[in-house]
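Here's the structure we're looking at; comments come further down.
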Amino acid sequence: MKRGTGIPVTLEPDLAATCAMTVREPWKIVRLLAFTQIVSWGSLYYAFAIVALDIQRELGWRTDIVFGAFSLSLLVAGLAATPAGMLIDRIGGRVVMTTGSLLAGLGMIGVGLSHSLAMYFGAWTLIGIAMAMTLYEAAFATINREFTHASRKGISVLTLFGGLASTVFWPLTLKLNTLYGWRDTLLIYGAMHLALCMPLHALLAAGVRRARQVTAHASRSFTLHEALREPAFWKLAFAFSTNLFIFSALSVHLIPLLQRFGHSVAAAVLVSMLIGPMQVAGRVGEMVFAHRVRPQAVGILTFSMLPAALGALLLLGEQQIAVAVFCILYGMSNGILTIVRGIVPQALFGRENYGAIAGALAGPSLLSKAAGPLAAAAFVEYNASPAWLVGILFAVSILSLGCFLAAIRSRSGAAAMATAD
């Protein structure tokens, strides 16, 4: 038993030498990944919003080119998510996440040194591969592989720390960008991946997967091929991707949307500040109160909060109290959704091939994340009425909830039939 954890750990004899050089105790792995997730999300994803305009101003490129390369990175991440998950299932997170940090460092440095479109797009392509190998899905797969039990709690704790990435890196990026410019800021972030994240990921356990405790009630684990043949997989993928489409669209358009409802920019920013704390509150609530509840039930609550939030905004968007209600529900839903994406695939399809299946589910979601802001801009261009955009997103949220319910019901029905057989 590891002192201070209360968690019994049984090590295979042939792993003794490996354990002397790597971290295998699960909660130490979570603490290690908590730091690298903050750095990875903060530099690879959130920092771009701060430096994008300066990149465009210096290089003289069109907005669609500057932002298009970032969208390309999300597309590449979606395509690479499944192979990255399969590798983690097979060999563990050590090699995959260490290599991802190497690519992240090289990609950040490449963007910082870019003077041509070819180098700029090539560096963002490298960053896209790195995202698939270092962000949440890769970390979740690593935790699932190393925990004999309580992986759900490990994922919840990790997302609690990961949620601090924007809080830390938006002001940090703004400060560095003001002092040194966007190029040196990205070079510093590249060095952080090479000097900090890569060595920390190299401490992750490698090789043999921890033995599972198999119980009479344990569900069968699906292979990726079997999961892809299940209608529940595609319903769940569609539910996650449409949900993320809404969040990515509003992440860019929320403040202008609230202004079109008649709120001042100061009031819109002030009330929108509720979203971040509510994300953290949602994750804390899930970790403290929902650990005895089935992941599917947590998912139903999470998917239901989003149409409730958008409905309040659609009906009473001119009222500040309605906007506050929206921000509270929207923030909590967004915060818990990250956990749901980590725990529901395991509940429906088993643990043995979790990385591959979660990676395949993440692909459409990352595509939706890239498409959301562009699609919302097109909707606004067609009709600037705030009710028009909110009405579309409300309809999408209802569709997303319906797909999630259909996914868990179809898997429950299939499990019942298998039990009867």
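Letters for chains follow the order of the structure tokens (A, B, ...), residue numbers begin at 1 for each chain, and ligand numbers begin at 1 in the order shown.
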* Hey, what's within 7 Å of stretch 135-137 of chain A if we count only C-alpha atoms and toss same-chain stuff fewer than 4 positions away? As an MDAnalysis selection string, please? -> chainID A and resid 37 40:41 131 141 358:359
All residues 10 Å or closer to A:Val157, only C-alpha atoms, same chain fewer than 5 positions away omitted, as a PDB file with N, CA, C and O atoms, in the first residue's frame:
ATOM      1  N   TRP A  27      -2.313   8.096  -8.311  1.00  0.00           N
ATOM      2  CA  TRP A  27      -2.596   9.483  -7.961  1.00  0.00           C
ATOM      3  C   TRP A  27      -1.417  10.395  -8.206  1.00  0.00           C
ATOM      4  O   TRP A  27      -1.582  11.595  -8.454  1.00  0.00           O
ATOM      5  N   VAL A  30      -1.908  11.364 -11.775  1.00  0.00           N
ATOM      6  CA  VAL A  30      -2.899  12.425 -11.925  1.00  0.00           C
ATOM      7  C   VAL A  30      -2.278  13.785 -11.610  1.00  0.00           C
ATOM      8  O   VAL A  30      -2.503  14.768 -12.330  1.00  0.00           O
ATOM      9  N   ARG A  31      -1.488  13.864 -10.548  1.00  0.00           N
ATOM     10  CA  ARG A  31      -0.851  15.142 -10.201  1.00  0.00           C
ATOM     11  C   ARG A  31       0.120  15.589 -11.285  1.00  0.00           C
ATOM     12  O   ARG A  31       0.194  16.771 -11.614  1.00  0.00           O
ATOM     13  N   ALA A  34      -1.922  16.771 -14.213  1.00  0.00           N
ATOM     14  CA  ALA A  34      -2.606  18.035 -13.930  1.00  0.00           C
ATOM     15  C   ALA A  34      -1.745  19.212 -14.360  1.00  0.00           C
ATOM     16  O   ALA A  34      -2.243  20.167 -14.982  1.00  0.00           O
ATOM     17  N   SER A 151     -10.936   5.157 -11.645  1.00  0.00           N
ATOM     18  CA  SER A 151     -10.492   5.981 -12.770  1.00  0.00           C
ATOM     19  C   SER A 151     -11.421   7.169 -12.988  1.00  0.00           C
ATOM     20  O   SER A 151     -10.981   8.238 -13.427  1.00  0.00           O
ATOM     21  N   ARG A 152     -12.711   6.990 -12.660  1.00  0.00           N
ATOM     22  CA  ARG A 152     -13.649   8.094 -12.809  1.00  0.00           C
ATOM     23  C   ARG A 152     -13.245   9.271 -11.928  1.00  0.00           C
ATOM     24  O   ARG A 152     -13.267  10.420 -12.362  1.00  0.00           O
ATOM     25  N   GLY A 162      -7.318  20.968 -15.076  1.00  0.00           N
ATOM     26  CA  GLY A 162      -7.257  21.406 -16.466  1.00  0.00           C
ATOM     27  C   GLY A 162      -8.094  22.636 -16.728  1.00  0.00           C
ATOM     28  O   GLY A 162      -7.773  23.452 -17.596  1.00  0.00           O
ATOM     29  N   ARG A 283     -17.665  20.840 -11.922  1.00  0.00           N
ATOM     30  CA  ARG A 283     -16.741  19.724 -11.787  1.00  0.00           C
ATOM     31  C   ARG A 283     -16.572  19.312 -10.330  1.00  0.00           C
ATOM     32  O   ARG A 283     -16.482  18.118 -10.017  1.00  0.00           O
ATOM     33  N   VAL A 284     -16.520  20.298  -9.435  1.00  0.00           N
ATOM     34  CA  VAL A 284     -16.436  19.974  -8.009  1.00  0.00           C
ATOM     35  C   VAL A 284     -17.695  19.231  -7.561  1.00  0.00           C
ATOM     36  O   VAL A 284     -17.630  18.236  -6.829  1.00  0.00           O
ATOM     37  N   GLU A 286     -19.683  17.382  -9.369  1.00  0.00           N
ATOM     38  CA  GLU A 286     -19.666  16.015  -9.897  1.00  0.00           C
ATOM     39  C   GLU A 286     -18.755  15.132  -9.060  1.00  0.00           C
ATOM     40  O   GLU A 286     -19.100  13.983  -8.749  1.00  0.00           O
ATOM     41  N   MET A 287     -17.602  15.668  -8.679  1.00  0.00           N
ATOM     42  CA  MET A 287     -16.632  14.881  -7.928  1.00  0.00           C
ATOM     43  C   MET A 287     -17.128  14.576  -6.519  1.00  0.00           C
ATOM     44  O   MET A 287     -16.915  13.487  -5.992  1.00  0.00           O
ATOM     45  N   ILE A 339     -15.976  15.884 -18.120  1.00  0.00           N
ATOM     46  CA  ILE A 339     -15.931  14.636 -17.347  1.00  0.00           C
ATOM     47  C   ILE A 339     -16.775  13.567 -18.022  1.00  0.00           C
ATOM     48  O   ILE A 339     -16.366  12.402 -18.115  1.00  0.00           O
TER      49      ILE A 339
END
* **Pick from A:Gly105, A:Leu367, A:Ala407, A:Ile29 nearest to A:Ser248, counting only C-alpha atoms** =>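 The answer is A:Leu367, which sits nearest to A:Ser248.
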* To do: Check stretch 14-180 of chain A with DSSP on the backbone and list each residue it calls alpha helix (DSSP H), as a ChimeraX atom specification.
  => /A:16-21,26-41,48-59,63-91,93-112,117-134,136-146,151-162,165-180
* Within 7 Å of A:Gly282, counting only C-alpha atoms, which residues show up once you throw out same-chain ones fewer than 3 positions away? Write them as a PyMOL selection string, please. => chain A and resi 278-279+285-286+332+335-336
* Asked: If you count only C-alpha atoms, which residues fall within 9 Å of A:Arg145, apart from same-chain ones fewer than 4 positions away, as a ChimeraX atom specification?
  -> /A:88-89,92-93,140-141,151,209-210,351-352,354-355
* **Gap from atom CA of A:Ala378 to atom CA of A:Leu315 - Å, one decimal** =>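 The value is 22.7 Å.
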* Asked: Which is closer to A:Leu126 than all the others in A:Leu401, A:Ala77, A:Ala360, A:Leu32, using only C-alpha atoms?
  ->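 Of the candidates, the smallest distance to A:Leu126 is held by A:Ala77.
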